[in-house]
file upload_1.csv (CSV, C-alpha atoms)
chain,number,residue,atom,x,y,z
A,1,MET,CA,75.5,86.5,91.5
A,2,ASN,CA,75.1,89.7,89.5
A,3,PHE,CA,78.1,91.6,88.4
A,4,ASP,CA,76.2,94.4,86.7
A,5,LEU,CA,76.5,97.8,88.3
A,6,THR,CA,73.4,99.7,89.4
A,7,MET,CA,72.6,103.0,87.7
A,8,GLU,CA,73.8,104.8,90.8
A,9,GLN,CA,77.1,102.8,90.9
A,10,GLN,CA,77.8,103.4,87.2
A,11,MET,CA,77.2,107.2,87.8
A,12,ILE,CA,79.7,107.2,90.7
A,13,ALA,CA,82.3,105.3,88.6
A,14,ASP,CA,81.8,107.5,85.6
A,15,MET,CA,82.0,110.7,87.7
A,16,ALA,CA,85.2,109.5,89.2
A,17,ALA,CA,86.7,108.5,85.8
A,18,ASP,CA,85.7,111.9,84.3
A,19,LEU,CA,87.4,113.7,87.3
A,20,ALA,CA,90.5,111.6,86.8
A,21,LYS,CA,90.8,112.8,83.3
A,22,LYS,CA,91.1,116.3,84.6
A,23,TYR,CA,93.8,115.3,87.0
A,24,ASP,CA,95.8,113.4,84.5
A,25,PRO,CA,99.2,111.7,84.7
A,26,GLU,CA,101.0,115.0,83.9
A,27,TYR,CA,99.3,116.7,86.9
A,28,TRP,CA,100.5,113.9,89.2
A,29,ARG,CA,104.0,113.9,87.7
A,30,GLU,CA,104.3,117.6,88.4
A,31,MET,CA,103.0,117.2,91.9
A,32,ASP,CA,105.4,114.3,92.6
A,33,GLU,CA,108.5,116.0,91.2
A,34,ASN,CA,107.8,119.3,93.1
A,35,LYS,CA,106.8,117.4,96.3
A,36,GLN,CA,103.6,119.5,96.2
A,37,TYR,CA,100.3,118.6,97.9
A,38,PRO,CA,97.5,118.0,95.3
A,39,LYS,CA,95.3,120.7,96.9
A,40,GLU,CA,93.1,121.2,93.9
A,41,PHE,CA,92.4,117.5,93.5
A,42,MET,CA,91.6,117.0,97.2
A,43,GLU,CA,89.3,120.0,97.3
A,44,GLU,CA,87.4,118.9,94.2
A,45,ILE,CA,86.8,115.3,95.3
A,46,GLY,CA,85.6,116.8,98.6
A,47,SER,CA,83.2,119.3,96.9
A,48,LEU,CA,81.8,116.6,94.7
A,49,GLY,CA,81.0,114.4,97.7
A,50,PHE,CA,83.4,111.6,97.4
A,51,PHE,CA,84.5,111.8,101.1
A,52,GLY,CA,80.8,111.7,102.1
A,53,LEU,CA,79.9,108.6,100.1
A,54,PRO,CA,79.9,106.2,103.1
A,55,LEU,CA,78.4,108.6,105.6
A,56,GLU,CA,74.7,108.9,106.6
A,57,GLU,CA,72.6,111.5,104.8
A,58,LYS,CA,71.8,113.3,108.1
A,59,TRP,CA,75.5,114.2,108.3
A,60,GLY,CA,75.8,115.3,104.7
A,61,GLY,CA,76.8,112.0,103.3
A,62,ALA,CA,75.3,109.8,100.5
A,63,ASP,CA,74.6,106.6,102.5
A,64,ALA,CA,76.4,104.7,99.9
A,65,GLY,CA,78.0,101.3,100.4
A,66,LEU,CA,81.7,100.3,100.5
A,67,THR,CA,81.3,98.8,97.0
A,68,ASP,CA,80.4,102.3,95.7
A,69,VAL,CA,83.5,103.8,97.4
A,70,ALA,CA,85.7,101.0,96.0
A,71,LEU,CA,84.3,101.7,92.5
A,72,ALA,CA,85.2,105.4,92.9
A,73,MET,CA,88.7,104.6,94.2
A,74,GLU,CA,89.4,102.3,91.3
A,75,ALA,CA,88.1,104.7,88.7
A,76,LEU,CA,90.1,107.7,90.2
A,77,CYS,CA,93.3,105.7,90.0
A,78,ARG,CA,92.6,104.0,86.6
A,79,GLY,CA,91.5,107.2,85.0
A,80,GLY,CA,94.8,109.0,85.2
A,81,GLY,CA,96.0,109.4,88.7
A,82,GLY,CA,97.6,106.0,89.3
A,83,GLY,CA,98.5,105.7,92.9
A,84,GLY,CA,98.1,109.4,93.5
A,85,PRO,CA,94.4,109.4,94.4
A,86,ALA,CA,94.6,106.2,96.4
A,87,LEU,CA,96.4,107.6,99.5
A,88,GLY,CA,94.8,111.0,99.5
A,89,TYR,CA,91.3,109.6,99.2
A,90,LEU,CA,91.9,106.7,101.6
A,91,PHE,CA,93.4,108.8,104.4
A,92,GLY,CA,90.5,111.2,104.0
A,93,LEU,CA,88.1,108.3,104.5
A,94,LEU,CA,89.7,106.6,107.5
A,95,GLY,CA,88.9,109.4,109.9
A,96,ASN,CA,85.4,109.7,108.6
A,97,LEU,CA,84.6,106.0,109.1
A,98,SER,CA,86.1,106.0,112.6
A,99,VAL,CA,84.0,109.0,113.7
A,100,ALA,CA,80.9,107.6,111.9
A,101,HIS,CA,81.2,104.3,113.7
A,102,HIS,CA,82.3,105.3,117.2
A,103,ALA,CA,81.7,109.0,117.9
A,104,ASN,CA,78.8,110.3,120.0
A,105,ASP,CA,76.2,112.5,118.3
A,106,GLU,CA,77.8,115.7,119.6
A,107,GLN,CA,81.1,114.7,118.0
A,108,LYS,CA,79.4,113.6,114.8
A,109,SER,CA,77.6,116.9,114.4
A,110,LYS,CA,80.9,118.7,115.0
A,111,TYR,CA,83.0,116.8,112.5
A,112,LEU,CA,81.0,114.7,110.0
A,113,PRO,CA,79.3,117.5,107.9
A,114,ALA,CA,82.6,119.2,107.3
A,115,PHE,CA,84.3,115.8,106.6
A,116,ALA,CA,81.6,114.8,104.2
A,117,ALA,CA,81.9,118.1,102.3
A,118,GLY,CA,85.7,117.9,102.2
A,119,GLU,CA,85.9,121.1,104.1
A,120,LYS,CA,88.0,119.4,106.8
A,121,THR,CA,90.1,116.2,106.8
A,122,CYS,CA,91.5,114.0,109.4
A,123,ALA,CA,94.9,112.3,109.7
A,124,PHE,CA,95.4,108.9,111.3
A,125,ALA,CA,98.1,108.4,113.9
A,126,LEU,CA,98.7,104.7,114.8
A,127,SER,CA,102.2,103.5,113.6
A,128,GLU,CA,105.1,103.7,116.0
A,129,PRO,CA,108.8,102.9,115.6
A,130,ASN,CA,108.8,100.2,118.3
A,131,ALA,CA,105.5,98.7,117.3
A,132,GLY,CA,105.2,98.5,113.5
A,133,THR,CA,102.7,95.9,112.5
A,134,ASN,CA,102.2,94.9,116.2
A,135,SER,CA,99.8,97.7,117.0
A,136,LEU,CA,99.3,96.2,120.5
A,137,ASN,CA,102.9,97.3,121.3
A,138,ILE,CA,102.3,101.0,121.0
A,139,GLU,CA,103.8,103.2,123.7
A,140,THR,CA,102.2,106.6,123.2
A,141,PHE,CA,100.3,107.1,126.5
A,142,ALA,CA,97.4,109.3,127.5
A,143,LYS,CA,97.3,109.9,131.2
A,144,LYS,CA,94.0,111.0,132.8
A,145,GLU,CA,94.3,114.2,134.7
A,146,GLY,CA,90.9,115.6,136.0
A,147,ASP,CA,88.7,116.1,133.0
A,148,ASP,CA,91.7,116.1,130.6
A,149,TYR,CA,94.2,113.7,129.1
A,150,ILE,CA,97.9,114.4,128.8
A,151,ILE,CA,99.4,112.6,125.8
A,152,ASN,CA,103.1,111.8,125.4
A,153,GLY,CA,104.9,109.7,122.9
A,154,GLY,CA,105.7,109.5,119.2
A,155,LYS,CA,104.3,108.1,115.9
A,156,TRP,CA,105.9,107.7,112.5
A,157,PHE,CA,104.8,107.4,108.9
A,158,ILE,CA,101.9,109.6,109.7
A,159,THR,CA,100.7,111.0,106.3
A,160,ASN,CA,99.1,114.4,105.5
A,161,ILE,CA,99.1,115.7,109.1
A,162,ASP,CA,100.5,118.9,107.7
A,163,ASN,CA,97.4,119.4,105.5
A,164,THR,CA,94.6,118.2,107.9
A,165,ASP,CA,92.4,119.8,110.5
A,166,ALA,CA,92.3,117.0,113.0
A,167,VAL,CA,94.2,113.8,113.8
A,168,LEU,CA,92.9,110.5,115.2
A,169,VAL,CA,95.5,109.5,117.8
A,170,VAL,CA,95.7,105.9,119.0
A,171,ALA,CA,97.2,105.8,122.5
A,172,ARG,CA,97.4,103.6,125.6
A,173,THR,CA,95.3,104.7,128.6
A,174,SER,CA,96.4,101.7,130.6
A,175,LYS,CA,99.9,100.2,130.6
A,176,LYS,CA,100.4,96.8,129.0
A,177,GLU,CA,101.5,95.3,132.4
A,178,ASP,CA,98.3,96.5,134.0
A,179,VAL,CA,95.9,94.7,131.7
A,180,LYS,CA,95.2,91.0,131.3
A,181,ASN,CA,94.4,91.3,127.7
A,182,LYS,CA,97.0,92.9,125.5
A,183,ALA,CA,94.3,94.5,123.3
A,184,ALA,CA,92.8,96.3,126.3
A,185,GLY,CA,93.8,99.7,127.5
A,186,ILE,CA,94.0,101.4,124.1
A,187,SER,CA,91.9,104.4,123.3
A,188,LEU,CA,91.2,106.8,120.4
A,189,PHE,CA,91.4,110.5,120.6
A,190,LEU,CA,90.2,113.0,118.0
A,191,VAL,CA,92.4,116.1,118.3
A,192,ASP,CA,92.0,119.4,116.5
A,193,LEU,CA,95.0,120.8,114.7
A,194,PRO,CA,97.1,122.8,115.1
A,195,CYS,CA,97.6,121.7,118.8
A,196,GLU,CA,100.2,122.9,121.3
A,197,GLY,CA,102.7,120.1,122.0
A,198,ILE,CA,102.3,118.3,118.6
A,199,SER,CA,105.3,118.6,116.3
A,200,TYR,CA,106.5,116.7,113.3
A,201,THR,CA,109.4,116.2,111.0
A,202,PRO,CA,109.1,114.9,107.4
A,203,ILE,CA,110.4,111.5,106.3
A,204,ASP,CA,112.1,111.3,102.9
A,205,LYS,CA,110.4,108.5,100.9
A,206,HIS,CA,110.8,106.4,97.8
A,207,GLY,CA,107.5,107.6,96.3
A,208,TYR,CA,104.2,109.5,96.8
A,209,HIS,CA,106.1,112.7,97.2
A,210,TYR,CA,102.9,114.7,97.0
A,211,TYR,CA,101.8,113.4,100.4
A,212,LYS,CA,104.4,114.0,103.1
A,213,SER,CA,104.8,111.4,105.8
A,214,PHE,CA,106.1,112.5,109.2
A,215,GLN,CA,107.5,111.4,112.5
A,216,VAL,CA,105.1,113.0,115.0
A,217,PHE,CA,105.9,113.9,118.6
A,218,PHE,CA,103.4,114.4,121.4
A,219,ASP,CA,104.9,116.5,124.2
A,220,ASN,CA,102.5,116.9,127.2
A,221,VAL,CA,99.6,117.4,124.8
A,222,ARG,CA,96.6,118.3,126.9
A,223,VAL,CA,93.2,117.4,125.4
A,224,SER,CA,89.7,117.4,126.8
A,225,LYS,CA,87.8,114.2,127.7
A,226,ASP,CA,85.5,115.3,124.9
A,227,CYS,CA,88.2,114.3,122.5
A,228,LEU,CA,87.8,110.6,123.5
A,229,LEU,CA,86.3,108.7,120.7
A,230,GLY,CA,84.1,105.8,121.9
A,231,GLU,CA,84.8,104.0,125.2
A,232,GLU,CA,88.1,104.4,127.0
A,233,GLY,CA,90.2,101.2,126.8
A,234,LYS,CA,88.2,99.8,123.8
A,235,GLY,CA,90.1,101.6,121.1
A,236,PHE,CA,91.7,98.6,119.6
A,237,TYR,CA,88.4,96.8,119.1
A,238,GLN,CA,87.0,100.0,117.6
A,239,LEU,CA,89.9,100.1,115.1
A,240,LEU,CA,89.0,96.6,113.8
A,241,GLY,CA,86.0,98.1,112.1
A,242,THR,CA,88.3,100.1,109.8
A,243,LEU,CA,90.8,97.4,108.9
A,244,ASN,CA,88.6,95.6,106.4
A,245,PRO,CA,87.6,98.8,104.5
A,246,GLU,CA,91.2,99.9,104.5
A,247,ARG,CA,92.4,96.7,102.9
A,248,ILE,CA,89.5,96.7,100.4
A,249,LEU,CA,90.1,100.3,99.3
A,250,ILE,CA,93.9,99.9,99.0
A,251,ALA,CA,93.2,96.9,96.8
A,252,SER,CA,90.9,99.0,94.7
A,253,GLY,CA,93.6,101.6,94.2
A,254,ALA,CA,96.1,98.9,93.3
A,255,CYS,CA,93.8,97.5,90.7
A,256,GLY,CA,93.1,100.9,89.2
A,257,THR,CA,96.8,101.8,89.1
A,258,ALA,CA,97.6,98.4,87.5
A,259,LYS,CA,94.9,98.9,84.8
A,260,LEU,CA,96.2,102.4,84.0
A,261,ALA,CA,99.8,101.1,83.6
A,262,LEU,CA,98.6,98.3,81.4
A,263,GLU,CA,96.6,100.6,79.2
A,264,HIS,CA,99.7,102.8,78.6
A,265,ALA,CA,101.8,99.7,77.9
A,266,ILE,CA,99.3,98.2,75.5
A,267,GLU,CA,99.0,101.5,73.5
A,268,TYR,CA,102.8,101.7,73.3
A,269,ALA,CA,103.1,98.1,72.2
A,270,LYS,CA,100.6,98.8,69.4
A,271,GLU,CA,102.4,101.9,68.1
A,272,ARG,CA,106.1,101.1,68.7
A,273,ASN,CA,107.4,99.5,65.5
A,274,VAL,CA,110.8,97.7,65.6
A,275,PHE,CA,112.1,95.2,63.1
A,276,GLY,CA,109.2,95.9,60.8
A,277,GLN,CA,106.2,95.2,63.1
A,278,PRO,CA,104.7,96.5,66.3
A,279,ILE,CA,106.4,95.1,69.4
A,280,GLY,CA,103.0,94.0,70.7
A,281,ALA,CA,103.0,91.3,68.0
A,282,HIS,CA,105.8,89.5,69.8
A,283,GLN,CA,104.7,86.9,72.4
A,284,ALA,CA,107.6,88.0,74.7
A,285,VAL,CA,105.8,91.3,75.0
A,286,GLN,CA,102.2,90.2,74.6
A,287,HIS,CA,102.1,87.3,77.0
A,288,PRO,CA,103.3,89.1,80.1
A,289,LEU,CA,100.8,91.9,79.5
A,290,ALA,CA,98.0,89.4,79.0
A,291,ALA,CA,98.9,87.4,82.1
A,292,ALA,CA,99.2,90.6,84.2
A,293,TYR,CA,95.8,91.7,82.9
A,294,ALA,CA,94.2,88.4,83.9
A,295,LYS,CA,95.6,88.6,87.4
A,296,VAL,CA,94.4,92.2,87.9
A,297,GLU,CA,90.9,91.2,86.8
A,298,ALA,CA,91.0,88.3,89.2
A,299,ALA,CA,92.0,90.6,92.0
A,300,TRP,CA,89.3,93.1,91.1
A,301,GLY,CA,86.7,90.3,91.4
A,302,GLN,CA,87.9,89.6,95.0
A,303,VAL,CA,87.7,93.3,95.8
A,304,LEU,CA,84.1,93.5,94.7
A,305,LYS,CA,83.3,90.3,96.6
A,306,ALA,CA,84.8,91.6,99.8
A,307,ALA,CA,83.0,95.0,99.4
A,308,THR,CA,79.7,93.3,98.8
A,309,LEU,CA,80.1,91.1,101.8
A,310,TYR,CA,80.8,94.2,103.9
A,311,ASP,CA,77.7,96.0,102.5
A,312,ASP,CA,75.6,92.9,103.2
A,313,GLY,CA,76.5,93.0,106.9
A,314,LYS,CA,78.5,89.8,107.0
A,315,SER,CA,80.8,89.2,110.0
A,316,ASP,CA,84.2,90.8,110.3
A,317,LYS,CA,85.7,87.3,109.9
A,318,ASP,CA,83.8,86.6,106.7
A,319,VAL,CA,84.7,90.0,105.2
A,320,GLY,CA,88.3,89.8,106.5
A,321,ASP,CA,88.9,86.4,104.9
A,322,VAL,CA,88.1,87.9,101.4
A,323,ALA,CA,89.5,91.4,102.1
A,324,ASN,CA,92.9,90.0,103.0
A,325,MET,CA,92.9,87.8,99.8
A,326,ALA,CA,91.9,90.8,97.8
A,327,LYS,CA,94.6,93.0,99.2
A,328,TRP,CA,97.3,90.3,98.6
A,329,LEU,CA,96.2,89.6,95.1
A,330,ALA,CA,95.8,93.2,94.1
A,331,ALA,CA,99.2,94.3,95.5
A,332,GLU,CA,101.0,91.4,93.7
A,333,ALA,CA,99.0,92.0,90.5
A,334,ALA,CA,99.7,95.7,90.5
A,335,LEU,CA,103.4,95.3,91.0
A,336,GLU,CA,103.6,92.7,88.2
A,337,ALA,CA,101.5,94.9,85.9
A,338,THR,CA,103.6,98.0,86.4
A,339,HIS,CA,106.8,95.9,86.1
A,340,HIS,CA,105.8,94.5,82.7
A,341,ALA,CA,104.6,97.9,81.6
A,342,MET,CA,108.1,99.3,82.3
A,343,GLN,CA,109.6,96.4,80.4
A,344,THR,CA,107.3,97.0,77.4
A,345,LEU,CA,108.3,100.7,77.2
A,346,GLY,CA,112.0,99.8,77.5
A,347,GLY,CA,114.1,102.8,78.1
A,348,CYS,CA,111.0,105.1,77.9
A,349,GLY,CA,109.6,103.2,80.9
A,350,PHE,CA,112.6,104.4,82.9
A,351,ALA,CA,111.9,108.0,82.0
A,352,ARG,CA,109.7,110.1,84.2
A,353,GLU,CA,107.9,111.7,81.4
A,354,TYR,CA,106.2,108.4,80.5
A,355,HIS,CA,104.8,108.0,84.1
A,356,VAL,CA,105.2,104.2,84.3
A,357,GLU,CA,108.3,104.4,86.6
A,358,ARG,CA,106.2,106.4,89.1
A,359,TRP,CA,103.4,103.9,89.1
A,360,PHE,CA,105.9,101.1,89.6
A,361,ARG,CA,107.4,103.0,92.6
A,362,GLU,CA,104.0,103.6,94.0
A,363,CYS,CA,102.9,100.0,93.7
A,364,GLN,CA,105.7,99.0,96.1
A,365,LEU,CA,103.7,100.6,98.9
A,366,PHE,CA,100.6,98.5,98.2
A,367,ARG,CA,102.8,95.5,99.3
A,368,LEU,CA,103.7,97.2,102.6
A,369,ALA,CA,100.6,99.1,103.7
A,370,PRO,CA,98.2,99.1,105.4
A,371,VAL,CA,99.6,95.6,106.2
A,372,THR,CA,102.5,93.7,104.6
A,373,GLN,CA,101.9,90.9,102.2
A,374,GLN,CA,103.5,88.5,104.8
A,375,MET,CA,100.9,89.5,107.4
A,376,THR,CA,98.0,88.9,105.0
A,377,LEU,CA,99.4,85.4,104.4
A,378,ASN,CA,99.7,84.9,108.1
A,379,TYR,CA,96.0,85.8,108.4
A,380,LEU,CA,95.0,83.5,105.6
A,381,GLY,CA,97.1,80.7,107.0
A,382,GLU,CA,95.7,80.9,110.5
A,383,HIS,CA,92.1,82.1,110.0
A,384,VAL,CA,91.2,80.6,106.6
A,385,LEU,CA,93.4,77.5,106.3
A,386,GLY,CA,93.2,76.7,110.0
A,387,LEU,CA,97.0,76.3,110.4
A,388,PRO,CA,98.8,77.1,113.7
A,389,ARG,CA,99.6,80.7,114.4
A,390,SER,CA,103.0,81.4,112.8
A,391,TYR,CA,104.1,84.6,114.6
call {"tool": "encode", "arguments": {"input": "upload_1.csv", "output": "structure tokens"}}
result
Amino acid sequence: MNFDLTMEQQMIADMAADLAKKYDPEYWREMDENKQYPKEFMEEIGSLGFFGLPLEEKWGGADAGLTDVALAMEALCRGGGGGGPALGYLFGLLGNLSVAHHANDEQKSKYLPAFAAGEKTCAFALSEPNAGTNSLNIETFAKKEGDDYIINGGKWFITNIDNTDAVLVVARTSKKEDVKNKAAGISLFLVDLPCEGISYTPIDKHGYHYYKSFQVFFDNVRVSKDCLLGEEGKGFYQLLGTLNPERILIASGACGTAKLALEHAIEYAKERNVFGQPIGAHQAVQHPLAAAYAKVEAAWGQVLKAATLYDDGKSDKDVGDVANMAKWLAAEAALEATHHAMQTLGGCGFAREYHVERWFRECQLFRLAPVTQQMTLNYLGEHVLGLPRSY
């Protein structure tokens, strides 16, 4: 097993790290405090081709692997952005991957070149109030009417729909009681924005104030059959192809954020002198940082393993086993790292100007999304350990 990066991978990581220095912690603090969308950052990662990394060259992409994307994600977060780049970059990628995997050539030619160049982005509308983690329980319904579909229902915690050009809508096209398999009857629709009948209201959140999340309403939204992505009724199975990359990339962002917080804490521990010596000389400060660092590095190893398995074309099960472990480890390690970074800075860690409190807030989300830590453990218990289904 070779852990050395290829020349191309090192170039991607270096380019991401250099860009992250430009959009440093002060930039993200200002965006967060003003609840301002990081337009400049999003436009620049688009123009530099980050959104196109996993897409085919014929659509304007780089034909890179998920490992390359994970390296870019980690470097963007570690280099200065913390959790900031993680969500913006991830949500820009999810629509790209869904279109790349399931669209017809006409849809690909319409959307992918603009997605790859960052000229357009796509929001992802899955979560619903009465479904939550149980995506099979969604109620948003798309009724076939001639050559169109009429969509009614509601979604929540849909991020960035106010700054995107399209939205990938997950809706039922068959009612649950009309299908034998609960996973059947779900379809995907790629809808251009703005669109008559789609409205949304913001949700006030604990963190990530630069990306607004919304409750979204679909009121008799009429879309053409040309908006259907893939095969009607097979949408849930199509979504499975994005679950592993989503977990891997969130884990990458968590590792990058954790490393950034630890770097700040380590520098502070070297310079802060109390009772005649740097506080980093005290084991009560040193040991928690060292333990957190070891856990982050262990998680990062699992991230790279999961991404490599994905790039090698291993089965969804083989990739999922490691991707879920990587996500669980990275989220826990990131929360521990940012917690001990705050403790190291003491009162300064509680002050916004030192940034650590923001990273601590943002790492809470890594334990909740795209799937909770409890659900990752449920997966590992059932599918890796072979225990009975627990939910």
call {"tool": "atom_distance", "arguments": {"input": "upload_1.csv", "atom1": "CA of Gly230 in chain A", "atom2": "CA of Tyr310 in chain A"}}
result
21.7 Å
call {"tool": "closest_residue", "arguments": {"input": "upload_1.csv", "among": "A:Lys205, A:His102, A:Arg78, A:Lys259", "to": "Leu168 in chain A", "atoms": "all atoms listed in the file"}}
result
A:His102
call {"tool": "residues_around", "arguments": {"input": "upload_1.csv", "residues": "Trp300 in chain A", "least_positions_apart": "5", "cutoff": "8 Å", "atoms": "all atoms listed in the file", "output": "list in words"}}
result
Ala251, Ser252, Cys255, Ala326 and Ala330 of chain A
call {"tool": "residues_around", "arguments": {"input": "upload_1.csv", "residues": "Glu33 in chain A", "least_positions_apart": "5", "cutoff": "9 Å", "atoms": "only C-alpha atoms", "output": "ChimeraX atom specification"}}
result
/A:28,209-210
call {"tool": "atom_distance", "arguments": {"input": "upload_1.csv", "atom1": "CA of Leu289 in chain A", "atom2": "CA of Gly349 in chain A"}}
result
14.4 Å
call {"tool": "atom_distance", "arguments": {"input": "upload_1.csv", "atom1": "CA of Asp18 in chain A", "atom2": "CA of Asn96 in chain A"}}
result
24.4 Å
call {"tool": "closest_residue", "arguments": {"input": "upload_1.csv", "among": "A:Ala269, A:Ile279, A:Cys122, A:Leu387", "to": "Asn163 in chain A", "atoms": "only C-alpha atoms"}}
result
A:Cys122
call {"tool": "closest_atom_pairs", "arguments": {"input": "upload_1.csv", "of": "range 70-172 of chain A", "to": "range 46-49 of chain A", "cutoff": "8 Å", "atoms": "only C-alpha atoms", "output": "tab-separated table"}}
result
residue	atom	partner	partner_atom	distance
A:Ala116	CA	A:Gly49	CA	6.5
A:Ala117	CA	A:Gly46	CA	5.4
A:Gly118	CA	A:Gly46	CA	3.8
A:Glu119	CA	A:Gly46	CA	7.0
call {"tool": "residues_around", "arguments": {"input": "upload_1.csv", "residues": "Thr67 in chain A", "least_positions_apart": "2", "cutoff": "7 Å", "atoms": "all atoms listed in the file", "output": "ChimeraX atom specification"}}
result
/A:65,69-71,304,307-308
call {"tool": "residues_around", "arguments": {"input": "upload_1.csv", "residues": "Lys58 in chain A", "least_positions_apart": "3", "cutoff": "12 Å", "atoms": "only C-alpha atoms", "output": "list in words"}}
result
Gly52, Pro54, Leu55, Gly61, Ala62, Asp63, Ala100, Asp105, Lys108, Ser109, Leu112, Pro113 and Ala116 of chain A
call {"tool": "write_last_selection", "arguments": {"input": "upload_1.csv", "atoms": "C-alpha atoms", "output": "PDB file, in the coordinates of the input"}}
result
ATOM      1  CA  GLY A  52      80.800 111.700 102.100  1.00  0.00           C
ATOM      2  CA  PRO A  54      79.900 106.200 103.100  1.00  0.00           C
ATOM      3  CA  LEU A  55      78.400 108.600 105.600  1.00  0.00           C
ATOM      4  CA  GLY A  61      76.800 112.000 103.300  1.00  0.00           C
ATOM      5  CA  ALA A  62      75.300 109.800 100.500  1.00  0.00           C
ATOM      6  CA  ASP A  63      74.600 106.600 102.500  1.00  0.00           C
ATOM      7  CA  ALA A 100      80.900 107.600 111.900  1.00  0.00           C
ATOM      8  CA  ASP A 105      76.200 112.500 118.300  1.00  0.00           C
ATOM      9  CA  LYS A 108      79.400 113.600 114.800  1.00  0.00           C
ATOM     10  CA  SER A 109      77.600 116.900 114.400  1.00  0.00           C
ATOM     11  CA  LEU A 112      81.000 114.700 110.000  1.00  0.00           C
ATOM     12  CA  PRO A 113      79.300 117.500 107.900  1.00  0.00           C
ATOM     13  CA  ALA A 116      81.600 114.800 104.200  1.00  0.00           C
TER      14      ALA A 116
END
call {"tool": "closest_residue", "arguments": {"input": "upload_1.csv", "among": "A:Leu19, A:Leu93, A:Ala331, A:Ala183", "to": "Leu240 in chain A", "atoms": "only C-alpha atoms"}}
result
A:Ala183
call {"tool": "residues_around", "arguments": {"input": "upload_1.csv", "residues": "Lys176 in chain A", "least_positions_apart": "2", "cutoff": "10 Å", "atoms": "all atoms listed in the file", "output": "number ranges by chain"}}
result
A: 136-139, 172-174, 178-186
